[in-house]
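Peer 1: Next comes the structure file model.cif, holding mmCIF, C-alpha atoms (C1' of nucleotides).
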data_my_file
#
loop_
_atom_site.label_atom_id
_atom_site.label_comp_id
_atom_site.auth_asym_id
_atom_site.auth_seq_id
_atom_site.Cartn_x
_atom_site.Cartn_y
_atom_site.Cartn_z
CA MET P 9 -9.56 57.33 -109.53
CA ASP P 10 -10.94 56.36 -112.92
CA SER P 11 -14.49 55.99 -111.65
CA THR P 12 -17.27 57.59 -113.64
CA THR P 13 -18.58 61.06 -112.92
CA GLU P 14 -21.79 59.60 -111.60
CA GLU P 15 -19.86 57.46 -109.13
CA LYS P 16 -17.77 60.40 -108.02
CA ILE P 17 -20.88 62.48 -107.41
CA TYR P 18 -22.42 59.62 -105.50
CA GLU P 19 -19.40 59.23 -103.23
CA ALA P 20 -19.25 62.94 -102.51
CA ALA P 21 -22.97 63.03 -101.75
CA ARG P 22 -22.56 60.10 -99.40
CA LYS P 23 -19.84 61.88 -97.47
CA ILE P 24 -21.68 65.20 -97.18
CA PHE P 25 -25.10 63.75 -96.41
CA VAL P 26 -23.74 61.55 -93.63
CA LEU P 27 -21.97 64.50 -92.05
CA LYS P 28 -24.69 67.13 -92.41
CA GLY P 29 -27.95 65.23 -92.95
CA MET P 30 -30.50 65.84 -95.67
CA GLU P 31 -31.43 69.33 -94.49
CA GLY P 32 -27.96 70.47 -93.52
CA ALA P 33 -26.30 69.38 -96.76
CA ARG P 34 -25.98 71.78 -99.72
CA MET P 35 -25.87 70.76 -103.36
CA GLN P 36 -23.08 73.30 -103.89
CA GLU P 37 -21.06 71.67 -101.14
CA ILE P 38 -21.39 68.28 -102.81
CA ALA P 39 -20.41 69.78 -106.16
CA ASP P 40 -17.34 71.37 -104.57
CA GLU P 41 -16.39 68.03 -103.06
CA VAL P 42 -16.53 66.46 -106.53
CA GLY P 43 -14.69 69.41 -108.04
CA MET P 44 -17.35 69.88 -110.68
CA ASN P 45 -20.41 71.94 -111.42
CA LYS P 46 -23.60 71.96 -109.44
CA ALA P 47 -25.75 71.43 -112.55
CA LEU P 48 -24.16 68.03 -113.04
CA LEU P 49 -25.74 66.71 -109.89
CA HIS P 50 -29.15 67.41 -111.39
CA TYR P 51 -28.10 65.92 -114.71
CA TYR P 52 -27.31 62.55 -113.09
CA PHE P 53 -29.81 62.61 -110.22
CA ARG P 54 -32.88 64.71 -111.04
CA SER P 55 -33.19 66.30 -107.59
CA LYS P 56 -31.61 66.57 -104.17
CA GLU P 57 -34.36 64.33 -102.80
CA LYS P 58 -33.59 61.57 -105.30
CA LEU P 59 -29.87 61.82 -104.67
CA PHE P 60 -30.44 61.61 -100.96
CA GLU P 61 -32.72 58.60 -101.23
CA ALA P 62 -30.18 56.73 -103.32
CA VAL P 63 -27.49 57.43 -100.75
CA PHE P 64 -29.64 56.62 -97.75
CA LYS P 65 -30.92 53.31 -99.09
CA ASP P 66 -27.41 52.23 -99.97
CA ILE P 67 -25.90 53.17 -96.62
CA PHE P 68 -28.72 51.55 -94.69
CA THR P 69 -28.50 48.30 -96.62
CA ARG P 70 -24.71 48.06 -96.52
CA PHE P 71 -24.57 48.89 -92.85
CA PHE P 72 -27.00 46.20 -91.83
CA SER P 73 -25.87 43.56 -94.27
CA ARG P 74 -22.40 43.69 -92.70
CA ILE P 75 -23.99 42.52 -89.49
CA ARG P 76 -25.54 39.35 -90.84
CA GLY P 77 -22.29 37.41 -91.02
CA ALA P 78 -21.97 37.17 -87.28
CA PHE P 79 -25.35 35.50 -86.95
CA THR P 80 -25.36 32.96 -89.75
CA SER P 81 -22.69 30.74 -88.25
CA ASP P 82 -23.22 27.61 -86.17
CA LEU P 83 -21.58 29.04 -83.09
CA PRO P 84 -23.47 29.12 -79.80
CA LEU P 85 -25.11 32.39 -78.81
CA LYS P 86 -22.25 33.51 -76.60
CA GLU P 87 -19.76 33.15 -79.41
CA LYS P 88 -22.09 34.88 -81.82
CA LEU P 89 -22.45 37.80 -79.46
CA ILE P 90 -18.70 38.10 -79.18
CA VAL P 91 -18.23 38.07 -82.94
CA PHE P 92 -21.07 40.53 -83.40
CA ILE P 93 -19.75 43.01 -80.86
CA ASP P 94 -16.27 42.91 -82.36
CA ASN P 95 -17.59 43.40 -85.89
CA TYR P 96 -20.11 46.05 -85.04
CA ILE P 97 -17.76 48.27 -83.08
CA ASP P 98 -15.20 48.05 -85.88
CA LEU P 99 -17.93 48.95 -88.36
CA ILE P 100 -19.07 51.99 -86.37
CA ALA P 101 -15.51 53.07 -85.69
CA ALA P 102 -14.91 53.11 -89.47
CA ASN P 103 -18.20 54.99 -90.01
CA PRO P 104 -18.72 56.91 -86.79
CA TYR P 105 -21.42 59.24 -88.13
CA VAL P 106 -23.53 56.59 -89.83
CA PRO P 107 -25.65 55.37 -86.89
CA GLN P 108 -26.71 58.85 -85.92
CA PHE P 109 -27.32 59.71 -89.55
CA ILE P 110 -29.67 56.73 -89.87
CA ILE P 111 -31.47 57.50 -86.62
CA ASN P 112 -31.93 61.13 -87.63
CA GLU P 113 -33.32 60.46 -91.03
CA ILE P 114 -35.76 57.77 -89.96
CA ASN P 115 -37.10 60.20 -87.39
CA ARG P 116 -37.25 63.08 -89.82
CA ASP P 117 -39.07 61.11 -92.51
CA PRO P 118 -39.96 57.46 -91.85
CA LYS P 119 -41.52 57.13 -95.32
CA VAL P 120 -38.25 56.21 -97.04
CA LEU P 121 -37.50 53.59 -94.41
CA LYS P 122 -40.92 52.00 -94.69
CA ALA P 123 -40.76 51.90 -98.47
CA MET P 124 -37.32 50.25 -98.29
CA ILE P 125 -38.35 47.62 -95.82
CA PHE P 126 -41.44 46.56 -97.72
CA GLU P 127 -39.91 46.76 -101.20
CA SER P 128 -36.56 45.02 -100.97
CA GLY P 129 -36.59 41.24 -100.86
CA ILE P 130 -33.40 41.03 -98.82
CA GLY P 131 -34.10 44.08 -96.71
CA PRO P 132 -32.97 44.81 -93.17
CA GLN P 133 -36.13 43.26 -91.80
CA GLN P 134 -34.82 39.80 -92.61
CA LEU P 135 -31.40 40.65 -91.25
CA LEU P 136 -32.81 41.83 -87.99
CA GLU P 137 -35.11 38.84 -87.79
CA ILE P 138 -32.17 36.51 -88.15
CA PHE P 139 -30.58 38.21 -85.19
CA LEU P 140 -33.81 38.06 -83.26
CA ASN P 141 -34.46 34.39 -83.91
CA GLU P 142 -30.95 33.40 -82.94
CA VAL P 143 -31.26 35.18 -79.67
CA GLN P 144 -34.71 33.73 -79.10
CA ILE P 145 -33.61 30.17 -79.73
CA ASN P 146 -30.45 30.29 -77.66
CA ASN P 147 -31.81 32.41 -74.89
CA GLN P 148 -31.73 30.46 -71.67
CA SER P 149 -33.56 33.01 -69.61
CA ASN P 150 -37.14 33.76 -70.60
CA LEU P 151 -36.28 37.33 -71.48
CA ASP P 152 -37.80 39.01 -74.52
CA PRO P 153 -34.91 38.89 -77.02
CA ARG P 154 -35.82 42.34 -78.28
CA HIS P 155 -34.72 43.79 -74.97
CA ILE P 156 -31.36 42.11 -75.41
CA VAL P 157 -30.96 43.51 -78.91
CA VAL P 158 -32.01 47.02 -77.92
CA SER P 159 -29.70 47.05 -74.90
CA LEU P 160 -26.82 45.78 -76.98
CA LEU P 161 -27.28 48.30 -79.78
CA GLY P 162 -27.77 51.14 -77.31
CA MET P 163 -24.52 50.33 -75.54
CA LEU P 164 -22.67 50.19 -78.84
CA VAL P 165 -24.14 53.22 -80.58
CA PHE P 166 -24.45 55.72 -77.74
CA PRO P 167 -20.73 56.33 -77.11
CA PHE P 168 -20.39 57.34 -80.77
CA ALA P 169 -23.58 59.38 -81.10
CA GLY P 170 -23.06 61.18 -77.80
CA ARG P 171 -19.35 61.68 -78.30
CA PRO P 172 -19.17 65.50 -78.27
CA LEU P 173 -20.96 65.68 -74.94
CA LEU P 174 -19.29 62.70 -73.33
CA GLN P 175 -15.81 63.63 -74.48
CA LEU P 176 -16.27 67.16 -73.18
CA VAL P 177 -17.63 66.37 -69.72
CA TYR P 178 -15.81 63.14 -68.96
CA PHE P 179 -12.51 63.54 -70.81
CA ASN P 180 -11.81 67.29 -70.79
CA ASP P 181 -12.36 67.22 -74.55
CA ASP P 182 -9.27 65.03 -74.94
CA GLN P 183 -9.70 63.23 -78.26
CA LYS P 184 -7.02 60.60 -77.71
CA ALA P 185 -8.35 59.73 -74.29
CA TYR P 186 -11.80 59.25 -75.78
CA ASP P 187 -10.44 57.02 -78.54
CA GLN P 188 -8.81 54.93 -75.85
CA PHE P 189 -12.14 54.76 -74.03
CA LEU P 190 -13.84 53.56 -77.22
CA SER P 191 -11.22 50.89 -77.78
CA GLU P 192 -11.96 49.47 -74.34
CA ARG P 193 -15.64 49.15 -75.06
CA LYS P 194 -15.54 45.84 -76.90
CA GLU P 195 -14.51 43.97 -73.78
CA ILE P 196 -16.83 45.96 -71.56
CA VAL P 197 -19.88 45.27 -73.66
CA LYS P 198 -18.98 41.61 -74.15
CA ASN P 199 -18.62 41.24 -70.41
CA MET P 200 -21.89 42.96 -69.73
CA MET P 201 -23.87 41.01 -72.31
CA LEU P 202 -22.52 37.65 -71.21
CA LYS P 203 -23.35 38.34 -67.58
CA PHE P 204 -26.80 39.29 -68.70
CA ILE P 205 -27.43 36.24 -70.86
CA GLU P 206 -26.39 33.80 -68.18
CA VAL P 207 -29.21 32.26 -66.17
CA MET J 8 -53.29 80.82 -70.85
CA ASP J 9 -52.58 84.32 -69.63
CA SER J 10 -48.86 84.03 -70.21
CA THR J 11 -47.09 86.85 -71.98
CA THR J 12 -46.52 86.89 -75.71
CA GLU J 13 -42.82 86.33 -75.17
CA GLU J 14 -43.57 83.21 -73.15
CA LYS J 15 -45.97 81.90 -75.75
CA ILE J 16 -43.40 82.38 -78.48
CA TYR J 17 -40.82 80.65 -76.35
CA GLU J 18 -43.05 77.62 -75.74
CA ALA J 19 -43.91 77.31 -79.42
CA ALA J 20 -40.25 77.58 -80.39
CA ARG J 21 -39.37 74.92 -77.87
CA LYS J 22 -41.90 72.55 -79.36
CA ILE J 23 -40.93 73.11 -82.98
CA PHE J 24 -37.16 73.13 -82.40
CA VAL J 25 -37.28 69.87 -80.45
CA LEU J 26 -39.28 68.19 -83.20
CA LYS J 27 -37.43 69.57 -86.23
CA GLY J 28 -34.05 70.73 -84.97
CA MET J 29 -32.42 74.09 -85.65
CA GLU J 30 -32.11 73.57 -89.40
CA GLY J 31 -35.42 71.84 -89.94
CA ALA J 32 -37.46 74.40 -88.02
CA ARG J 33 -39.03 77.42 -89.78
CA MET J 34 -39.71 80.77 -88.14
CA GLN J 35 -43.06 80.83 -89.97
CA GLU J 36 -43.95 77.46 -88.44
CA ILE J 37 -43.23 78.76 -84.95
CA ALA J 38 -45.30 81.88 -85.64
CA ASP J 39 -48.20 79.71 -86.82
CA GLU J 40 -47.93 77.65 -83.65
CA VAL J 41 -48.24 80.82 -81.57
CA GLY J 42 -51.04 82.11 -83.81
CA MET J 43 -49.23 85.40 -84.36
CA ASN J 44 -47.00 87.12 -86.84
CA LYS J 45 -43.52 86.11 -87.84
CA ALA J 46 -42.14 89.60 -87.22
CA LEU J 47 -42.95 89.27 -83.55
CA LEU J 48 -40.41 86.52 -83.13
CA HIS J 49 -37.73 88.94 -84.25
CA TYR J 50 -39.13 91.67 -82.03
CA TYR J 51 -38.67 89.54 -78.92
CA PHE J 52 -35.67 87.45 -79.93
CA ARG J 53 -33.50 89.29 -82.48
CA SER J 54 -32.77 86.25 -84.64
CA LYS J 55 -33.52 82.58 -85.17
CA GLU J 56 -30.07 81.77 -83.81
CA LYS J 57 -30.72 83.66 -80.54
CA LEU J 58 -34.13 82.07 -80.13
CA PHE J 59 -32.67 78.65 -80.67
CA GLU J 60 -29.85 79.17 -78.20
CA ALA J 61 -32.28 80.31 -75.51
CA VAL J 62 -34.39 77.19 -76.07
CA PHE J 63 -31.46 74.80 -76.23
CA LYS J 64 -29.76 76.06 -73.10
CA ASP J 65 -32.98 75.87 -71.16
CA ILE J 66 -33.85 72.35 -72.31
CA PHE J 67 -30.36 71.08 -71.69
CA THR J 68 -30.17 72.53 -68.19
CA ARG J 69 -33.66 71.40 -67.18
CA PHE J 70 -33.15 67.93 -68.54
CA PHE J 71 -29.93 67.31 -66.67
CA SER J 72 -30.86 69.07 -63.48
CA ARG J 73 -33.79 66.68 -63.08
CA ILE J 74 -31.26 63.88 -62.86
CA ARG J 75 -29.28 65.21 -59.95
CA GLY J 76 -31.85 64.33 -57.32
CA ALA J 77 -31.25 60.62 -57.64
CA PHE J 78 -27.57 61.01 -56.86
CA THR J 79 -27.50 63.44 -53.98
CA SER J 80 -29.11 61.08 -51.50
CA ASP J 81 -27.38 58.86 -48.95
CA LEU J 82 -28.62 55.63 -50.49
CA PRO J 83 -26.14 52.93 -51.54
CA LEU J 84 -25.22 52.77 -55.22
CA LYS J 85 -27.74 50.05 -56.02
CA GLU J 86 -30.61 52.09 -54.66
CA LYS J 87 -29.38 55.20 -56.43
CA LEU J 88 -29.29 53.32 -59.71
CA ILE J 89 -32.84 52.13 -59.23
CA VAL J 90 -34.09 55.63 -58.46
CA PHE J 91 -32.16 57.05 -61.36
CA ILE J 92 -33.48 54.54 -63.89
CA ASP J 93 -37.06 55.08 -62.78
CA ASN J 94 -36.75 58.85 -62.92
CA TYR J 95 -34.85 58.98 -66.17
CA ILE J 96 -37.21 56.74 -68.13
CA ASP J 97 -40.17 58.74 -66.88
CA LEU J 98 -38.40 61.91 -67.92
CA ILE J 99 -37.65 60.65 -71.42
CA ALA J 100 -41.13 59.21 -71.80
CA ALA J 101 -42.55 62.66 -71.06
CA ASN J 102 -40.05 64.25 -73.50
CA PRO J 103 -39.33 61.50 -76.01
CA TYR J 104 -37.69 63.73 -78.62
CA VAL J 105 -35.40 65.62 -76.26
CA PRO J 106 -32.44 63.21 -76.04
CA GLN J 107 -32.11 62.92 -79.79
CA PHE J 108 -32.55 66.66 -80.12
CA ILE J 109 -29.67 67.24 -77.72
CA ILE J 110 -27.45 64.66 -79.41
CA ASN J 111 -28.15 66.18 -82.83
CA GLU J 112 -27.41 69.72 -81.88
CA ILE J 113 -24.20 69.00 -80.01
CA ASN J 114 -22.99 67.15 -83.08
CA ARG J 115 -24.11 69.87 -85.47
CA ASP J 116 -22.51 72.67 -83.50
CA PRO J 117 -20.60 71.89 -80.30
CA LYS J 118 -19.84 75.59 -79.73
CA VAL J 119 -23.08 76.30 -77.87
CA LEU J 120 -22.54 73.29 -75.63
CA LYS J 121 -18.98 74.26 -74.79
CA ALA J 122 -19.97 77.84 -74.03
CA MET J 123 -22.73 76.59 -71.73
CA ILE J 124 -20.56 74.18 -69.84
CA PHE J 125 -17.82 76.69 -69.17
CA GLU J 126 -20.07 79.66 -68.43
CA SER J 127 -22.70 78.37 -66.05
CA GLY J 128 -21.69 77.80 -62.42
CA ILE J 129 -24.23 75.04 -61.92
CA GLY J 130 -23.88 73.50 -65.37
CA PRO J 131 -24.34 69.91 -66.42
CA GLN J 132 -20.65 69.27 -65.88
CA GLN J 133 -21.13 69.37 -62.14
CA LEU J 134 -24.25 67.26 -62.40
CA LEU J 135 -22.49 64.60 -64.37
CA GLU J 136 -19.51 64.70 -62.08
CA ILE J 137 -21.72 64.06 -59.12
CA PHE J 138 -23.01 60.98 -60.87
CA LEU J 139 -19.51 59.93 -61.80
CA ASN J 140 -18.09 60.34 -58.29
CA GLU J 141 -20.93 58.44 -56.73
CA VAL J 142 -20.36 55.53 -59.06
CA GLN J 143 -16.63 55.70 -58.52
CA ILE J 144 -16.88 55.62 -54.76
CA ASN J 145 -19.46 52.87 -54.52
CA ASN J 146 -18.09 50.78 -57.34
CA GLN J 147 -16.96 47.45 -55.99
CA SER J 148 -15.41 46.21 -59.22
CA ASN J 149 -12.46 48.15 -60.58
CA LEU J 150 -14.37 49.15 -63.65
CA ASP J 151 -14.07 52.65 -65.10
CA PRO J 152 -17.30 54.29 -63.91
CA ARG J 153 -17.61 56.12 -67.21
CA HIS J 154 -18.30 52.82 -68.92
CA ILE J 155 -21.11 52.20 -66.50
CA VAL J 156 -22.62 55.59 -67.15
CA VAL J 157 -22.31 55.31 -70.93
CA SER J 158 -23.82 51.83 -70.98
CA LEU J 159 -26.66 52.92 -68.76
CA LEU J 160 -27.50 56.00 -70.80
CA GLY J 161 -27.23 54.07 -74.05
CA MET J 162 -29.68 51.45 -72.87
CA LEU J 163 -32.11 54.13 -71.75
CA VAL J 164 -31.90 56.52 -74.70
CA PHE J 165 -31.63 54.15 -77.65
CA PRO J 166 -35.14 52.65 -77.50
CA PHE J 167 -36.53 56.19 -77.78
CA ALA J 168 -34.14 57.54 -80.40
CA GLY J 169 -34.37 54.44 -82.57
CA ARG J 170 -38.09 54.05 -82.12
CA PRO J 171 -39.24 54.40 -85.76
CA LEU J 172 -36.86 51.67 -86.89
CA LEU J 173 -37.32 49.37 -83.92
CA GLN J 174 -41.08 49.69 -83.86
CA LEU J 175 -41.28 48.93 -87.56
CA VAL J 176 -39.03 45.88 -87.72
CA TYR J 177 -39.72 44.33 -84.33
CA PHE J 178 -43.35 45.30 -83.68
CA ASN J 179 -44.98 45.53 -87.10
CA ASP J 180 -45.27 49.25 -86.52
CA ASP J 181 -47.69 48.60 -83.66
CA GLN J 182 -47.56 51.69 -81.47
CA LYS J 183 -49.29 50.20 -78.44
CA ALA J 184 -47.04 47.15 -78.49
CA TYR J 185 -44.00 49.40 -78.53
CA ASP J 186 -45.33 51.46 -75.63
CA GLN J 187 -45.71 48.22 -73.71
CA PHE J 188 -42.13 47.33 -74.60
CA LEU J 189 -40.92 50.68 -73.29
CA SER J 190 -42.83 50.25 -70.05
CA GLU J 191 -41.00 46.98 -69.44
CA ARG J 192 -37.62 48.58 -69.82
CA LYS J 193 -37.28 49.97 -66.32
CA GLU J 194 -37.07 46.50 -64.82
CA ILE J 195 -34.89 45.17 -67.63
CA VAL J 196 -32.32 47.91 -67.27
CA LYS J 197 -32.33 47.73 -63.47
CA ASN J 198 -31.74 44.02 -63.70
CA MET J 199 -28.94 44.39 -66.16
CA MET J 200 -27.16 47.16 -64.31
CA LEU J 201 -27.35 45.38 -60.95
CA LYS J 202 -25.93 42.20 -62.42
CA PHE J 203 -23.14 44.25 -63.90
CA ILE J 204 -22.27 46.16 -60.75
CA GLU J 205 -22.03 43.06 -58.61
CA VAL J 206 -18.53 41.69 -58.13
"C1'" DG M 26 -21.39 65.57 -120.67
"C1'" DT M 27 -20.07 69.75 -118.73
"C1'" DC M 28 -20.30 74.40 -118.31
"C1'" DT M 29 -22.46 79.51 -117.42
"C1'" DA M 30 -26.33 82.03 -116.60
"C1'" DT M 31 -30.68 82.53 -114.86
"C1'" DA M 32 -35.21 81.36 -113.26
"C1'" DT M 33 -38.00 80.34 -109.18
"C1'" DG M 34 -39.20 79.98 -104.65
"C1'" DG M 35 -38.51 80.15 -99.77
"C1'" DC M 36 -36.63 81.91 -95.66
"C1'" DG M 37 -34.66 85.18 -92.26
"C1'" DA M 38 -34.80 89.72 -91.32
"C1'" DT M 39 -36.25 94.69 -91.44
"C1'" DA M 40 -39.10 98.99 -92.36
"C1'" DG M 41 -42.81 101.37 -91.28
"C1'" DA M 42 -47.95 102.03 -90.55
"C1'" DC M 43 -51.15 101.68 -86.78
"C1'" DG A 8 -46.70 95.58 -79.35
"C1'" DT A 9 -48.50 93.84 -83.42
"C1'" DC A 10 -49.32 93.98 -88.02
"C1'" DT A 11 -48.41 94.21 -93.51
"C1'" DA A 12 -45.24 94.64 -96.95
"C1'" DT A 13 -40.96 93.96 -98.71
"C1'" DC A 14 -35.97 93.44 -99.00
"C1'" DG A 15 -32.01 90.54 -99.75
"C1'" DC A 16 -30.08 86.31 -99.84
"C1'" DC A 17 -29.36 81.69 -100.66
"C1'" DA A 18 -30.69 77.10 -102.40
"C1'" DT A 19 -32.78 74.07 -105.73
"C1'" DA A 20 -33.58 73.57 -110.24
"C1'" DT A 21 -33.59 74.58 -115.32
"C1'" DA A 22 -32.21 76.62 -119.98
"C1'" DG A 23 -29.16 76.72 -123.27
"C1'" DA A 24 -24.31 77.38 -125.17
"C1'" DC A 25 -20.29 74.56 -126.21
#
Could you quickly redo this structure as structure tokens?
Peer 2:
Amino acid sequence: MDSTTEEKIYEAARKIFVLKGMEGARMQEIADEVGMNKALLHYYFRSKEKLFEAVFKDIFTRFFSRIRGAFTSDLPLKEKLIVFIDNYIDLIAANPYVPQFIINEINRDPKVLKAMIFESGIGPQQLLEIFLNEVQINNQSNLDPRHIVVSLLGMLVFPFAGRPLLQLVYFNDDQKAYDQFLSERKEIVKNMMLKFIEV
Amino acid sequence: MDSTTEEKIYEAARKIFVLKGMEGARMQEIADEVGMNKALLHYYFRSKEKLFEAVFKDIFTRFFSRIRGAFTSDLPLKEKLIVFIDNYIDLIAANPYVPQFIINEINRDPKVLKAMIFESGIGPQQLLEIFLNEVQINNQSNLDPRHIVVSLLGMLVFPFAGRPLLQLVYFNDDQKAYDQFLSERKEIVKNMMLKFIEV
DNA sequence: GTCTATATGGCGATAGAC
DNA sequence: GTCTATCGCCATATAGAC
């Protein structure tokens, strides 16, 4: 690790903020994670608010830009859905707390989200519109494509966001069994979406 | 309103906690909501933690007990699903912040949830198991019923939890348009689940 | 740039008058 | 039971030495 101090602070902040949220996170905790002094955080990023915004914008952008790939190919909709589901579950599995983190923070304070969307040229709005248009164009039924997208995302995100509850009541709090359950979900969701898309 | 002071405090706490979560809520804010002094909260409920636990347990129990009705009838699975989807969307629509509140708090501190589940005789575990058994028994495909339940709940909860983002990017932040979208979801989800259940 | 020390404010909680 | 006043703590933020 020969990254700069600023980068190390940023990485630590990212980790803590995702786990605890803006209000739950402590500047001291982030400093401890870096192994350096609390005052340094303010030296590089004026305030907790600024540090958080930097982290949130970055996470949000990265998370949604990873999705675009699946929907800029020339494959038919079915194939695109398959690729998307595979990619998205892998992405969430590698960052299991990110979706809930995003949902929380946009509910807590939608200002940052709105600023992001309307500032950035290549913001998530475009990414989501790509998805939307693809579904619209290839959709054989006359179903509002937004319902397809919302159903799909709900099926993918919920098992991660609701994990503590679901694992406890359905799997006797058995972590390995729940991981197994998650690994089966790709095929389940593919199956479900394809049945749904068919006329 | 001739309810007791304790009840008024409880109702105010319920409102604030659901909106802001345990960490985001302020005792002063709850006191303001009641229109009385902060010290009274401590008189009736020793601490913020105790007040929160009382509220959380009550919300959790009420929210899941309302679900049971749909699955204790003699209807076939299809009919049960239809009743459940209608009831559950109405329930969330009347309490749009509750699902995310529950998800947040069980992630922040699963201890309270675990204590609840294993203490109460008529806890949510039984309620969920009823659901699970019904699906299991009536399930014509050999699909793990837990996948059905998770998919169903994800499709129902996500449009509410992700509302700020979805409304902004898909509906130009038009509140009425999004309400319309939500009102269409009952039929969409019914359709999708029935297609999925069929062999 | 990085540290120690401290300022500043807010919040949960309690003491005590009425 | 309900209030005012205040304690004690913790968190963000800053000042200033090195």
Peer 1: For a quick check: superposing chain J on chain P using all C-alpha atoms in order, what RMSD comes out?
Peer 2: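 When all C-alpha atoms are superposed, the deviation is 0.1 Å.
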Peer 1: Go through the shown structure with the PyMOL selection byres ((chain A) within 10 of (chain J)) and write out the matching residues as an MDAnalysis selection string.
Peer 2: chainID A and resid 8:11
Peer 1: Please report as a list in words which residues of chain M come no farther than 12 Å from chain J, using only C-alpha atoms (C1' of nucleotides).
Peer 2: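 Interface list for chain M against chain J: DG35, DC36, DG37, DA38, DT39 and DA40 of chain M.
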Peer 1: Convert the current residue selection to file output with C-alpha atoms (C1' of nucleotides), as an mmCIF file, keeping the file's coordinate frame.
Peer 2:
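Written out: part_34.cif:
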data_model
loop_
_atom_site.group_PDB
_atom_site.id
_atom_site.type_symbol
_atom_site.label_atom_id
_atom_site.label_comp_id
_atom_site.auth_asym_id
_atom_site.auth_seq_id
_atom_site.Cartn_x
_atom_site.Cartn_y
_atom_site.Cartn_z
ATOM 1 C "C1'" DG M 35 -38.510 80.150 -99.770
ATOM 2 C "C1'" DC M 36 -36.630 81.910 -95.660
ATOM 3 C "C1'" DG M 37 -34.660 85.180 -92.260
ATOM 4 C "C1'" DA M 38 -34.800 89.720 -91.320
ATOM 5 C "C1'" DT M 39 -36.250 94.690 -91.440
ATOM 6 C "C1'" DA M 40 -39.100 98.990 -92.360
#
Peer 1: Would you mind reading off the distance between atom CA of J:Arg21 and atom CA of J:Val62, one decimal, in Å?
Peer 2: 5.8 Å
Peer 1: Quick one: which chain P residues come within 6 Å of chain J, and what is the nearest atom pair for each with the distance in Å to one decimal, counting only C-alpha atoms, rows ordered by chain and ascending number, as JSON lines?
Peer 2:
{"residue": "P:Ile111", "atom": "CA", "partner": "J:Gly169", "partner_atom": "CA", "distance": 5.8}
{"residue": "P:Gln133", "atom": "CA", "partner": "J:Val176", "partner_atom": "CA", "distance": 5.6}
{"residue": "P:Ser159", "atom": "CA", "partner": "J:Met162", "partner_atom": "CA", "distance": 4.8}
{"residue": "P:Gly162", "atom": "CA", "partner": "J:Gly161", "partner_atom": "CA", "distance": 4.4}
{"residue": "P:Met163", "atom": "CA", "partner": "J:Ser158", "partner_atom": "CA", "distance": 4.9}
{"residue": "P:Phe166", "atom": "CA", "partner": "J:Gly161", "partner_atom": "CA", "distance": 4.9}
{"residue": "P:Gly170", "atom": "CA", "partner": "J:Ile110", "partner_atom": "CA", "distance": 5.8}
{"residue": "P:Val177", "atom": "CA", "partner": "J:Gln132", "partner_atom": "CA", "distance": 5.7}
Peer 1: Those residues with C-alpha atoms, as a compact mmCIF listing (two decimals), in the coordinates of the input please?
Peer 2:
# COMPACT_ATOMS: atom_id res chain seq x y z
CA ILE P 111 -31.47 57.50 -86.62
CA GLN P 133 -36.13 43.26 -91.80
CA SER P 159 -29.70 47.05 -74.90
CA GLY P 162 -27.77 51.14 -77.31
CA MET P 163 -24.52 50.33 -75.54
CA PHE P 166 -24.45 55.72 -77.74
CA GLY P 170 -23.06 61.18 -77.80
CA VAL P 177 -17.63 66.37 -69.72
Peer 1: Within 8 Å of P:Lys194, counting all atoms listed in the file, which residues show up once you throw out same-chain ones fewer than 6 positions away? Write them as a list in words, please.
Peer 2: Ile93, Asp94 and Ile97 of chain P
Peer 1: Write to file, as a compact mmCIF listing (two decimals), in the coordinates of the input, the residues of the selection just made, with C-alpha atoms.
Peer 2:
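To be explicit, this is the file written out as out08.txt:
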# COMPACT_ATOMS: atom_id res chain seq x y z
CA ILE P 93 -19.75 43.01 -80.86
CA ASP P 94 -16.27 42.91 -82.36
CA ILE P 97 -17.76 48.27 -83.08
Peer 1: By how many Å are atom CA of P:Glu15 and atom CA of P:Glu41 apart?
Peer 2: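 These two atoms are separated by 12.7 Å.
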Peer 1: Work out how far atom CA of P:Phe126 is from atom CA of P:Val106, in Å to one decimal.
Peer 2: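 Separation between atom CA of P:Val106 and atom CA of P:Phe126: 22.0 Å.
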Peer 1: Skipping near chain neighbours, those fewer than 4 positions away, what residues fall within 7 Å of P:Ile24 using all atoms listed in the file, listed as a list in words?
Peer 2: Ala20, Lys28, Ala33 and Ile38 of chain P
Peer 1: Apply the PyMOL selection byres ((chain M and resi 28) around 8) to the file shown and report the selected residues as a PDB file with C-alpha atoms (C1' of nucleotides), in the frame of the given file.
Peer 2:
ATOM      1  CA  ASN P  45     -20.410  71.940-111.420  1.00  0.00           C
TER       2      ASN P  45
ATOM      3  C1'  DT M  27     -20.070  69.750-118.730  1.00  0.00           C
ATOM      4  C1'  DT M  29     -22.460  79.510-117.420  1.00  0.00           C
TER       5       DT M  29
ATOM      6  C1'  DC A  25     -20.290  74.560-126.210  1.00  0.00           C
TER       7       DC A  25
END
Peer 1: Taking the file as shown, find all residues satisfying the PyMOL selection byres ((chain P and resi 19) around 12) and write them as a PyMOL selection string.
Peer 2: chain P and resi 9+11-18+20-26+38-39+41-42+49+59-60+62-64+66-67
